[in-house]
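Trainee: One file: coords10.txt (compact mmCIF, C-alpha atoms).
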```txt
# COMPACT_ATOMS: atom_id res chain seq x y z
CA MET A 1 12.78 20.06 14.05
CA TYR A 2 12.40 22.28 17.12
CA TRP A 3 14.71 25.29 17.33
CA SER A 4 15.44 24.53 20.99
CA LYS A 5 16.75 21.07 20.04
CA ILE A 6 18.92 21.83 16.99
CA PHE A 7 22.61 22.58 17.47
CA LEU A 8 22.56 26.09 16.00
CA PRO A 9 25.16 28.38 17.62
CA THR A 10 24.50 31.75 15.94
CA LEU A 11 26.77 34.77 16.44
CA LYS A 12 25.75 38.43 16.76
CA ASP A 13 29.12 39.91 15.80
CA ILE A 14 31.12 39.46 12.62
CA PRO A 15 34.21 37.28 13.26
CA GLN A 16 37.40 39.28 12.71
CA ASP A 17 39.09 36.74 10.44
CA ALA A 18 36.11 36.48 8.06
CA GLU A 19 36.91 38.57 4.98
CA VAL A 20 33.99 37.93 2.63
CA ILE A 21 30.23 37.93 3.16
CA SER A 22 29.75 34.18 2.70
CA HIS A 23 32.39 33.37 5.32
CA GLN A 24 30.90 35.89 7.75
CA LEU A 25 27.35 34.63 7.31
CA MET A 26 28.27 30.95 7.44
CA LEU A 27 29.95 31.55 10.80
CA ARG A 28 27.25 33.88 12.15
CA SER A 29 24.40 31.56 11.13
CA GLY A 30 26.02 28.55 12.77
CA MET A 31 26.65 26.63 9.53
CA ILE A 32 30.36 25.97 10.06
CA ARG A 33 33.13 26.29 12.62
CA LYS A 34 36.86 26.53 11.95
CA VAL A 35 39.09 23.65 13.07
CA THR A 36 42.33 25.02 11.69
CA SER A 37 43.46 27.07 8.70
CA GLY A 38 41.34 26.14 5.67
CA ILE A 39 39.59 23.23 7.44
CA TYR A 40 36.02 23.43 8.81
CA THR A 41 33.43 21.37 10.65
CA TRP A 42 30.00 21.47 9.06
CA LEU A 43 27.27 21.90 11.68
CA PRO A 44 23.65 20.64 11.22
CA LEU A 45 22.33 23.77 9.45
CA GLY A 46 25.25 23.95 7.02
CA LEU A 47 25.19 20.22 6.39
CA ARG A 48 21.52 20.37 5.39
CA VAL A 49 22.41 22.86 2.63
CA LEU A 50 25.50 20.90 1.59
CA ARG A 51 23.51 17.68 1.28
CA LYS A 52 20.79 19.38 -0.78
CA ILE A 53 23.37 20.57 -3.30
CA GLU A 54 25.02 17.15 -3.25
CA ASN A 55 21.69 15.48 -4.01
CA ILE A 56 20.96 17.83 -6.92
CA VAL A 57 24.39 17.04 -8.36
CA ARG A 58 23.84 13.30 -7.87
CA GLU A 59 20.39 13.31 -9.47
CA GLU A 60 21.56 15.19 -12.56
CA MET A 61 24.69 13.04 -12.97
CA ASN A 62 22.59 9.88 -12.71
CA ASP A 63 20.11 11.27 -15.25
CA ALA A 64 23.03 11.87 -17.62
CA GLY A 65 23.97 8.20 -17.43
CA ALA A 66 27.02 8.56 -15.20
CA GLN A 67 27.62 5.91 -12.54
CA GLU A 68 28.67 6.69 -8.99
CA VAL A 69 31.80 5.17 -7.43
CA LEU A 70 33.89 6.07 -4.38
CA MET A 71 37.66 6.18 -4.68
CA PRO A 72 40.17 6.45 -1.82
CA MET A 73 41.35 9.82 -0.56
CA VAL A 74 44.82 8.34 0.10
CA GLN A 75 46.69 7.61 -3.14
CA PRO A 76 50.04 5.83 -3.70
CA LYS A 77 53.05 7.69 -5.05
CA ASP A 78 53.71 5.21 -7.86
CA LEU A 79 50.49 6.12 -9.69
CA TRP A 80 51.40 9.82 -9.62
CA GLU A 81 54.91 9.04 -10.86
CA GLU A 82 53.46 7.38 -13.97
CA THR A 83 52.06 10.74 -15.07
CA GLU A 84 55.04 12.68 -13.62
CA ARG A 85 52.67 14.73 -11.50
CA TRP A 86 54.29 13.71 -8.21
CA LYS A 87 56.86 16.44 -8.86
CA LYS A 88 54.79 18.74 -11.06
CA MET A 89 52.04 19.32 -8.47
CA GLY A 90 54.45 20.97 -6.03
CA PRO A 91 53.58 21.79 -2.40
CA GLU A 92 49.79 21.77 -2.95
CA LEU A 93 50.08 17.98 -2.95
CA LEU A 94 50.14 16.87 0.69
CA ARG A 95 52.57 13.95 0.85
CA ILE A 96 52.51 11.42 3.69
CA LYS A 97 54.23 8.15 4.63
CA ASP A 98 52.83 5.05 6.25
CA ARG A 99 54.59 2.98 8.95
CA HIS A 100 56.52 1.10 6.26
CA GLU A 101 57.93 4.37 4.85
CA ARG A 102 55.86 4.00 1.68
CA GLU A 103 54.85 7.35 0.18
CA PHE A 104 51.28 8.48 -0.45
CA CYS A 105 49.37 11.71 -0.97
CA LEU A 106 45.97 13.05 0.05
CA GLY A 107 44.06 13.27 -3.20
CA PRO A 108 43.44 16.72 -4.66
CA THR A 109 41.96 15.02 -7.74
CA HIS A 110 41.67 11.45 -9.05
CA GLU A 111 42.85 11.20 -12.67
CA GLU A 112 45.55 8.65 -11.84
CA VAL A 113 43.35 6.44 -9.68
CA ILE A 114 40.46 6.34 -12.16
CA THR A 115 42.76 5.68 -15.13
CA ASP A 116 44.35 2.79 -13.22
CA LEU A 117 40.87 1.40 -12.52
CA ILE A 118 39.88 1.61 -16.18
CA ARG A 119 43.07 0.10 -17.63
CA ASN A 120 42.68 -2.95 -15.38
CA ASN A 121 38.99 -3.53 -15.98
CA ILE A 122 37.91 -2.23 -19.42
CA LYS A 123 39.22 -4.23 -22.40
CA SER A 124 36.94 -3.57 -25.38
CA TYR A 125 35.41 -0.63 -27.22
CA LYS A 126 32.06 -2.39 -26.67
CA GLU A 127 32.20 -1.35 -22.99
CA LEU A 128 32.35 2.33 -23.96
CA PRO A 129 31.40 5.12 -23.58
CA LEU A 130 31.75 5.13 -19.80
CA ASN A 131 31.40 7.96 -17.28
CA LEU A 132 32.16 7.39 -13.59
CA TYR A 133 31.78 10.00 -10.85
CA GLN A 134 32.20 10.42 -7.13
CA ILE A 135 31.29 13.00 -4.48
CA GLN A 136 34.21 13.01 -2.12
CA THR A 137 36.48 15.05 0.14
CA LYS A 138 39.60 16.50 -1.51
CA PHE A 139 42.66 18.11 0.04
CA ARG A 140 44.86 20.77 -1.56
CA ASP A 141 47.47 22.40 0.64
CA GLU A 142 46.74 26.00 -0.38
CA ILE A 143 49.56 28.40 0.52
CA ARG A 144 47.03 30.94 1.83
CA PRO A 145 43.61 29.49 2.62
CA ARG A 146 40.99 32.23 2.79
CA TYR A 147 37.36 33.13 2.28
CA GLY A 148 36.13 30.21 4.42
CA VAL A 149 34.98 27.18 2.43
CA MET A 150 35.37 29.10 -0.82
CA ARG A 151 39.16 28.71 -0.72
CA GLY A 152 39.76 26.03 1.89
CA ARG A 153 42.27 23.22 1.97
CA GLU A 154 39.72 20.46 2.55
CA PHE A 155 36.54 20.56 0.46
CA LEU A 156 33.74 18.44 -0.98
CA MET A 157 33.85 17.95 -4.72
CA LYS A 158 32.06 16.00 -7.41
CA ASP A 159 34.59 14.76 -9.95
CA SER A 160 33.73 12.60 -12.92
CA TYR A 161 35.72 11.01 -15.72
CA SER A 162 34.55 9.91 -19.16
CA PHE A 163 36.29 7.32 -21.34
CA ASP A 164 35.66 7.06 -25.08
CA ILE A 165 37.12 5.25 -28.07
CA ASN A 166 37.66 8.35 -30.25
CA GLN A 167 37.57 12.14 -30.32
CA GLY A 168 34.04 12.21 -31.68
CA GLN A 169 32.70 10.26 -28.71
CA LEU A 170 34.69 12.46 -26.33
CA ASN A 171 33.07 15.55 -27.86
CA GLU A 172 29.64 14.04 -27.16
CA SER A 173 30.55 13.15 -23.57
CA TYR A 174 31.94 16.64 -22.98
CA LEU A 175 28.84 18.38 -24.34
CA LEU A 176 26.60 16.12 -22.24
CA MET A 177 28.49 17.11 -19.09
CA LYS A 178 28.32 20.78 -20.09
CA GLU A 179 24.54 20.56 -20.34
CA THR A 180 24.38 18.61 -17.07
CA TYR A 181 26.30 21.34 -15.26
CA LYS A 182 23.89 23.94 -16.64
CA LYS A 183 20.98 21.94 -15.22
CA ILE A 184 22.67 21.59 -11.84
CA ILE A 185 23.31 25.31 -11.39
CA ASP A 186 19.90 26.24 -12.80
CA ARG A 187 18.21 23.90 -10.31
CA ILE A 188 20.14 25.45 -7.45
CA GLY A 189 18.91 28.83 -8.67
CA LEU A 190 22.11 30.79 -9.39
CA ARG A 191 23.12 33.20 -12.14
CA PHE A 192 26.25 31.99 -13.93
CA LYS A 193 28.45 32.21 -17.00
CA ILE A 194 30.35 29.52 -18.89
CA VAL A 195 33.88 30.81 -19.44
CA LYS A 196 36.67 29.68 -21.76
CA ALA A 197 39.62 28.83 -19.54
CA ASP A 198 43.16 27.56 -19.19
CA SER A 199 43.49 23.83 -18.42
CA GLY A 200 46.28 24.44 -15.90
CA ALA A 201 47.77 21.52 -13.96
CA ILE A 202 45.00 19.10 -15.02
CA GLY A 203 46.05 19.22 -18.68
CA GLY A 204 44.27 18.78 -22.00
CA ASP A 205 43.45 21.10 -24.89
CA THR A 206 39.90 22.26 -24.19
CA SER A 207 38.39 23.44 -20.94
CA GLU A 208 35.59 25.69 -19.70
CA GLU A 209 34.79 27.08 -16.27
CA PHE A 210 31.39 27.70 -14.70
CA HIS A 211 31.36 30.99 -12.81
CA VAL A 212 28.66 32.14 -10.41
CA LEU A 213 28.48 35.92 -10.76
CA ALA A 214 29.20 37.74 -7.50
CA GLU A 215 30.91 40.94 -6.39
CA ASN A 216 33.41 39.06 -4.23
CA GLY A 217 34.42 36.67 -7.01
CA GLU A 218 38.12 35.84 -7.14
CA ASP A 219 38.18 35.70 -10.93
CA THR A 220 37.71 38.51 -13.42
CA ILE A 221 35.83 37.51 -16.54
CA ALA A 222 35.07 39.33 -19.77
CA VAL A 223 31.52 38.83 -21.08
CA SER A 224 29.60 40.12 -24.06
CA ASN A 225 26.59 42.28 -23.27
CA SER A 226 24.54 40.69 -26.06
CA SER A 227 25.72 37.06 -26.44
CA ASP A 228 26.90 34.07 -24.42
CA PHE A 229 30.56 34.87 -25.03
CA ALA A 230 32.61 34.79 -21.83
CA ILE A 231 36.31 34.26 -21.20
CA ASN A 232 38.70 34.47 -18.30
CA THR A 233 40.50 37.81 -18.77
CA GLU A 234 43.85 36.05 -18.30
CA LEU A 235 43.31 34.42 -21.71
CA LEU A 236 42.08 37.58 -23.40
CA LEU A 237 44.74 40.04 -22.28
CA SER A 238 47.92 40.48 -24.30
CA ASP A 239 51.23 41.59 -22.81
CA GLY A 240 51.01 45.02 -21.24
CA GLU A 241 47.20 45.13 -21.12
CA ASP A 242 45.12 45.36 -17.91
CA LEU A 243 41.28 45.26 -17.34
CA GLU A 244 40.89 48.77 -17.90
CA SER A 245 42.09 48.25 -21.47
CA LEU A 246 39.22 45.80 -22.17
CA GLN A 247 36.42 48.12 -21.01
CA GLY A 248 33.98 48.79 -23.94
CA LYS A 249 35.94 46.81 -26.56
CA PRO A 250 34.00 44.85 -29.22
CA SER A 251 33.36 41.24 -28.19
CA PRO A 252 35.66 38.76 -30.01
CA ASP A 253 32.59 36.85 -31.25
CA GLY A 254 31.40 39.97 -33.10
CA GLU A 255 28.28 40.42 -30.95
CA GLY A 256 28.06 43.31 -28.51
CA ILE A 257 30.80 44.83 -26.39
CA ILE A 258 32.88 43.52 -23.52
CA GLU A 259 31.79 44.00 -19.92
CA ILE A 260 33.95 43.05 -16.95
CA LYS A 261 32.37 40.86 -14.25
CA LYS A 262 33.53 39.11 -11.11
CA GLY A 263 32.94 35.37 -10.84
CA ILE A 264 33.37 32.47 -8.45
CA GLU A 265 34.54 29.34 -10.23
CA VAL A 266 32.29 26.49 -9.11
CA GLY A 267 32.88 24.03 -11.94
CA HIS A 268 35.51 23.15 -14.53
CA ILE A 269 35.22 20.68 -17.42
CA PHE A 270 38.15 19.39 -19.49
CA GLN A 271 38.81 17.43 -22.64
CA LEU A 272 41.94 15.58 -21.57
CA GLY A 273 42.31 13.56 -24.75
CA ARG A 274 45.05 10.94 -24.27
CA VAL A 275 47.25 12.83 -21.80
CA TYR A 276 46.68 10.33 -18.98
CA THR A 277 45.76 7.22 -20.95
CA GLN A 278 48.98 7.29 -22.97
CA ALA A 279 51.12 7.91 -19.90
CA MET A 280 49.43 5.06 -18.04
CA ARG A 281 48.86 2.79 -21.04
CA ALA A 282 45.09 2.63 -20.68
CA ASN A 283 43.94 1.07 -23.94
CA VAL A 284 41.27 -1.22 -25.33
CA LEU A 285 40.77 -3.24 -28.48
CA ASP A 286 38.98 -1.28 -31.20
CA GLN A 287 36.63 -2.62 -33.89
CA GLU A 288 39.61 -3.93 -35.86
CA GLY A 289 41.07 -5.71 -32.86
CA LYS A 290 43.91 -3.22 -32.41
CA ALA A 291 44.94 -1.71 -29.06
CA THR A 292 44.07 1.99 -28.94
CA ASP A 293 44.55 4.50 -26.15
CA LEU A 294 41.33 5.87 -24.71
CA PHE A 295 40.09 9.45 -24.98
CA MET A 296 39.34 10.92 -21.58
CA GLY A 297 37.34 13.81 -20.14
CA CYS A 298 37.39 15.24 -16.62
CA TYR A 299 34.55 17.20 -14.98
CA GLY A 300 34.71 18.79 -11.53
CA ILE A 301 32.15 20.78 -9.56
CA GLY A 302 32.76 22.24 -6.09
CA VAL A 303 29.86 21.09 -3.90
CA SER A 304 31.00 22.93 -0.77
CA ARG A 305 32.08 25.96 -2.79
CA LEU A 306 28.59 26.19 -4.28
CA VAL A 307 27.24 26.79 -0.77
CA ALA A 308 29.48 29.85 -0.36
CA ALA A 309 28.78 31.04 -3.91
CA ALA A 310 25.02 30.86 -3.32
CA ILE A 311 25.40 33.08 -0.25
CA GLU A 312 27.65 35.56 -2.07
CA GLN A 313 24.95 35.98 -4.70
CA ASN A 314 21.97 35.95 -2.32
CA ASN A 315 22.22 38.07 0.83
CA ASP A 316 21.31 41.43 2.34
CA GLU A 317 22.21 43.37 5.47
CA LYS A 318 20.05 41.00 7.56
CA GLY A 319 21.61 37.73 6.45
CA ILE A 320 21.25 34.95 3.89
CA ILE A 321 18.45 34.77 1.29
CA TRP A 322 18.53 31.13 0.20
CA PRO A 323 17.28 29.96 -3.18
CA GLU A 324 14.38 27.71 -2.18
CA ALA A 325 15.95 24.56 -3.67
CA ILE A 326 18.81 24.57 -1.16
CA ALA A 327 17.35 26.34 1.90
CA PRO A 328 18.07 24.36 5.10
CA PHE A 329 14.36 24.58 5.96
CA GLU A 330 11.45 25.70 3.80
CA VAL A 331 9.33 27.04 6.64
CA ASN A 332 10.05 28.56 10.06
CA ILE A 333 7.17 28.78 12.53
CA VAL A 334 7.81 31.74 14.84
CA ALA A 335 5.80 31.05 17.99
CA ILE A 336 5.65 34.15 20.22
CA GLY A 337 4.94 33.04 23.79
CA PHE A 338 5.21 29.31 23.08
CA GLU A 339 6.24 28.54 26.66
CA LYS A 340 3.59 30.82 28.26
CA ASP A 341 0.40 30.33 26.28
CA GLN A 342 -1.03 26.87 25.62
CA LYS A 343 -3.22 28.17 22.80
CA ILE A 344 -0.19 29.48 20.89
CA ALA A 345 1.83 26.35 21.64
CA LYS A 346 -0.97 24.11 20.34
CA ALA A 347 -1.57 26.21 17.21
CA ALA A 348 2.16 26.31 16.39
CA THR A 349 2.55 22.58 17.00
CA ASP A 350 -0.52 21.74 14.90
CA LEU A 351 0.85 23.90 12.06
CA TYR A 352 4.20 22.15 12.37
CA ILE A 353 2.57 18.73 12.09
CA LYS A 354 0.28 19.75 9.23
CA LEU A 355 2.98 21.39 7.10
CA SER A 356 5.35 18.49 7.75
CA SER A 357 2.68 16.05 6.60
CA MET A 358 2.30 18.15 3.43
CA GLY A 359 5.95 17.42 2.68
CA TYR A 360 7.55 20.69 3.77
CA GLU A 361 10.74 20.88 5.81
CA VAL A 362 9.73 22.85 8.90
CA ILE A 363 11.51 24.24 11.94
CA LEU A 364 9.47 25.46 14.91
CA ASP A 365 10.96 28.29 16.97
CA ASP A 366 9.83 27.29 20.45
CA ARG A 367 12.49 29.31 22.32
CA LYS A 368 11.66 31.73 25.15
CA ASP A 369 13.02 34.70 23.19
CA GLY A 370 10.82 37.53 21.93
CA TYR A 371 9.68 38.42 18.42
CA GLY A 372 12.70 40.64 17.64
CA THR A 373 15.31 38.01 18.47
CA LYS A 374 13.44 35.25 16.70
CA MET A 375 12.96 37.25 13.50
CA LYS A 376 16.58 38.40 13.46
CA ASP A 377 17.74 34.79 13.67
CA ALA A 378 15.21 33.74 11.03
CA GLU A 379 16.48 36.43 8.64
CA LEU A 380 20.09 35.53 9.43
CA ILE A 381 19.74 31.86 8.50
CA GLY A 382 17.55 32.72 5.51
CA VAL A 383 14.54 30.42 5.75
CA PRO A 384 12.29 31.42 2.79
CA ILE A 385 8.94 31.53 4.62
CA ASN A 386 8.25 32.47 8.25
CA ILE A 387 4.83 31.93 9.86
CA VAL A 388 4.23 34.10 12.93
CA VAL A 389 1.88 32.75 15.58
CA GLY A 390 1.40 35.35 18.32
CA LYS A 391 -0.84 38.20 19.45
CA GLN A 392 -2.73 38.32 16.16
CA TYR A 393 -3.64 34.66 16.60
CA LEU A 394 -4.90 35.18 20.14
CA GLU A 395 -7.12 38.07 19.05
CA ASN A 396 -8.69 36.71 15.84
CA GLU A 397 -7.03 33.33 15.16
CA GLU A 398 -4.99 34.74 12.27
CA ILE A 399 -1.39 33.95 11.46
CA GLU A 400 1.07 36.09 9.53
CA LEU A 401 3.23 34.82 6.68
CA LYS A 402 6.45 36.71 6.06
CA HIS A 403 8.65 35.81 3.09
CA ARG A 404 12.38 36.36 3.38
CA ASN A 405 12.15 38.66 0.35
CA GLY A 406 9.84 41.05 2.27
CA GLN A 407 6.46 39.88 0.99
CA SER A 408 3.83 39.32 3.69
CA SER A 409 0.28 38.02 4.05
CA ALA A 410 -2.18 36.91 6.71
CA GLY A 411 -4.93 34.33 7.05
CA ARG A 412 -6.86 32.05 9.38
CA VAL A 413 -5.02 28.99 10.61
CA GLU A 414 -7.64 26.52 9.33
CA ASP A 415 -6.98 27.80 5.79
CA ILE A 416 -3.22 27.27 6.06
CA LYS A 417 -2.95 24.82 3.18
CA THR A 418 -4.69 27.16 0.71
CA ILE A 419 -3.02 30.40 1.78
CA PHE A 420 0.39 28.81 2.19
CA GLU A 421 0.48 27.23 -1.25
CA HIS A 422 -0.82 30.44 -2.85
CA PHE A 423 1.75 32.49 -0.94
CA LYS A 424 4.56 30.13 -1.94
CA GLU A 425 3.61 30.26 -5.63
CA SER A 426 3.34 34.06 -5.68
```
Please lay out the structure from this file as structure tokens.
Mentor:
Amino acid sequence: MYWSKIFLPTLKDIPQDAEVISHQLMLRSGMIRKVTSGIYTWLPLGLRVLRKIENIVREEMNDAGAQEVLMPMVQPKDLWEETERWKKMGPELLRIKDRHEREFCLGPTHEEVITDLIRNNIKSYKELPLNLYQIQTKFRDEIRPRYGVMRGREFLMKDSYSFDINQGQLNESYLLMKETYKKIIDRIGLRFKIVKADSGAIGGDTSEEFHVLAENGEDTIAVSNSSDFAINTELLLSDGEDLESLQGKPSPDGEGIIEIKKGIEVGHIFQLGRVYTQAMRANVLDQEGKATDLFMGCYGIGVSRLVAAAIEQNNDEKGIIWPEAIAPFEVNIVAIGFEKDQKIAKAATDLYIKLSSMGYEVILDDRKDGYGTKMKDAELIGVPINIVVGKQYLENEEIELKHRNGQSSAGRVEDIKTIFEHFKES
């Protein structure tokens, strides 16, 4: 990809309506543009990151034995009335009518639709356990959308649903999804905590949240300084207590003391039990030939929210510092004088071809701008490795490698494979 060809409208100034760092940097780096309150268009740079996260999620879900489906965003009222959530969901549920005056909603989640699918197609315990997932756009009519894609109305989400014959199987499915979510966030390269949480409007008895740790996190979590214990402070506080009252208290698990952290919820897993299957009469024949209601789990992870969370955790005053697994490009070739000097243009183009053939995702900055502008843009969008081809190359045929973390090196262009791979590993 040549920089002059990609649709990458960067901004020098911080947009006034952008409150948090991720929103500011996503706008400034040309990743997204606002359409209306809480709804955004993803531009090429942002979409590359979004798709990388989506692919990591898909690969790990497939490895865990889940099967991908795609359910409709538009859902009929009658399914939601079976679970009585048509009224319970309140104004967050965007209700619409078709030309025949039939009522529908834009799906904020898919428990009703998936349970209807299962009750009409699964008849025996021999077809279980089963875990189906989708990666799909959701819509929740937030009263006050804010923080860009972190708290938008329209967002991309992976939601999956497990169906089991008994509680024991459900426990196994739940633990498998818990481990899968750990792998997903580890692969992306983020620091996180698993937090005991309230099940809220989804329902069920057991649920845990996955929080990426960041200063601008919306949630306040209490964590032990010497164990894995973590809980949403809303569940830990008693009447009349505030955060301040938790500072330095012994951890409830008996290990270490409580520390207060800020987190961004990027995933939530639930043991729903029979809440939906009883309401919608989703049952199968068990080993004794008797009809038994299924045990159900629900597992959601915010794909688009993970993009914002990654930026909140990885940035500096210059811009984004992407974890390498989700960077929009792995390498940026900064050609100084590309349009003026044929020697530089050829060297930069040859490097582009060679690194691309080695399997790296490369962008070549062939614009007429100078070194300062090109490096500022490179640091803003956060490409991990920048290769500078300029004056140093003309003088002694050396190129400079500059990592986004500040590390730098130099070497002759014919040795690019050796020095690049060594530089990347170090």
Trainee: Using only C-alpha atoms, find all polymer residues with an atom at most 9 Å away from the point (9.2, 30.0, 13.7); report them as a list in words.
Mentor: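 Here is the list of nearby residues: Trp3, Val331, Asn332, Ile333, Val334, Ala335, Ile336, Ala348, Val362, Ile363, Leu364, Asp365, Asp366, Lys374, Met375, Ala378, Asn386, Ile387, Val388 and Val389 of chain A.
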Trainee: Just give me the residues with any atom within 9 Å of (-6.6, 34.8, 23.9), file coordinates, counting only C-alpha atoms, written as a PyMOL selection string.
Mentor: chain A and resi 341+343-344+391+393-397
Trainee: Kindly assemble as a tab-separated table a list of the segment 226-322 of chain A residues that lie within 12 Å of segment 141-165 of chain A, each paired with its nearest atom pair and their distance in Å to one decimal, using all atoms listed in the file, sorted first by chain and then by ascending residue number.
Mentor:
```
residue	atom	partner	partner_atom	distance
A:Ile264	CA	A:Met150	CA	8.6
A:Glu265	CA	A:Met150	CA	9.4
A:Val266	CA	A:Met150	CA	9.2
A:Gly267	CA	A:Lys158	CA	9.3
A:His268	CA	A:Asp159	CA	9.6
A:Ile269	CA	A:Ser160	CA	9.4
A:Phe270	CA	A:Tyr161	CA	9.5
A:Gln271	CA	A:Ser162	CA	9.3
A:Leu272	CA	A:Ser162	CA	9.6
A:Gly273	CA	A:Asp164	CA	9.3
A:Arg274	CA	A:Phe163	CA	9.9
A:Tyr276	CA	A:Phe163	CA	11.1
A:Thr277	CA	A:Phe163	CA	9.5
A:Ala282	CA	A:Phe163	CA	10.0
A:Asn283	CA	A:Ile165	CA	9.0
A:Val284	CA	A:Ile165	CA	8.2
A:Leu285	CA	A:Ile165	CA	9.3
A:Asp286	CA	A:Ile165	CA	7.5
A:Gln287	CA	A:Ile165	CA	9.8
A:Lys290	CA	A:Ile165	CA	11.7
A:Ala291	CA	A:Ile165	CA	10.5
A:Thr292	CA	A:Ile165	CA	7.7
A:Asp293	CA	A:Ile165	CA	7.7
A:Leu294	CA	A:Ile165	CA	5.4
A:Phe295	CA	A:Asp164	CA	5.0
A:Met296	CA	A:Phe163	CA	4.7
A:Gly297	CA	A:Ser162	CA	4.9
A:Cys298	CA	A:Tyr161	CA	4.6
A:Tyr299	CA	A:Ser160	CA	5.1
A:Gly300	CA	A:Asp159	CA	4.3
A:Ile301	CA	A:Lys158	CA	5.2
A:Gly302	CA	A:Met157	CA	4.6
A:Val303	CA	A:Met157	CA	5.1
A:Ser304	CA	A:Leu156	CA	5.3
A:Arg305	CA	A:Met150	CA	5.0
A:Leu306	CA	A:Met150	CA	8.1
A:Val307	CA	A:Val149	CA	8.4
A:Ala308	CA	A:Met150	CA	6.0
A:Ala309	CA	A:Met150	CA	7.5
A:Ala310	CA	A:Met150	CA	10.8
A:Ile311	CA	A:Met150	CA	10.8
A:Glu312	CA	A:Met150	CA	10.1
```
Trainee: Can you work out which one of A:Ile321, A:Leu43, A:Leu130, A:Leu246 has the shortest atom-to-atom distance to Tyr174 of chain A, counting only C-alpha atoms?
Mentor: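 Result for the nearest residue to Tyr174 of chain A: A:Leu130.
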Trainee: Separation of atom CA of Gln75 of chain A and atom CA of Glu103 of chain A, in Å?
Mentor: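 That distance, rounded to one decimal, is 8.8 Å.
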Trainee: Using only C-alpha atoms for the distances, tell me which of A:Pro15, A:Gly382, A:Pro328, A:Gly217 is nearest to Arg48 of chain A.
Mentor: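 Closest to Arg48 of chain A of all the choices is A:Pro328.
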Trainee: Work out how far apart atom CA of Lys52 of chain A and atom CA of Glu361 of chain A are and give it in Å to one decimal.
Mentor: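 So the two atoms, atom CA of Lys52 of chain A and atom CA of Glu361 of chain A, lie 12.1 Å apart.
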Trainee: Grab the atom CA of Leu8 of chain A to atom CA of Gly46 of chain A distance for me, in Å with one decimal place.
Mentor: 9.6 Å
Trainee: Can you work out which one of A:Val223, A:Ile257, A:Leu117, A:Ala64 has the shortest atom-to-atom distance to Lys183 of chain A, counting only C-alpha atoms?
Mentor: A:Ala64
Trainee: With only C-alpha atoms as the basis for distance, which of A:Met73, A:Met280, A:Ala410, A:Leu190 is at the shortest distance from Ile118 of chain A?
Mentor: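 The closest residue to Ile118 of chain A is A:Met280.
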Trainee: Go through A:Ser224, A:Asn315, A:Ser173, A:Gln167 one by one, measure the shortest atom-to-atom distance of each to Lys193 of chain A using only C-alpha atoms, and give the residue with the smallest value.
Mentor: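 So, comparing all the options, the nearest one is A:Ser224.
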Trainee: Compare A:Pro9, A:Pro44, A:Pro252, A:Gly289 by their minimum atom-to-atom distance to Lys123 of chain A, counting all atoms listed in the file, and give me the closest one.
Mentor: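 Of A:Pro9, A:Pro44, A:Pro252, A:Gly289, the one nearest Lys123 of chain A is A:Gly289, counting all atoms listed in the file.
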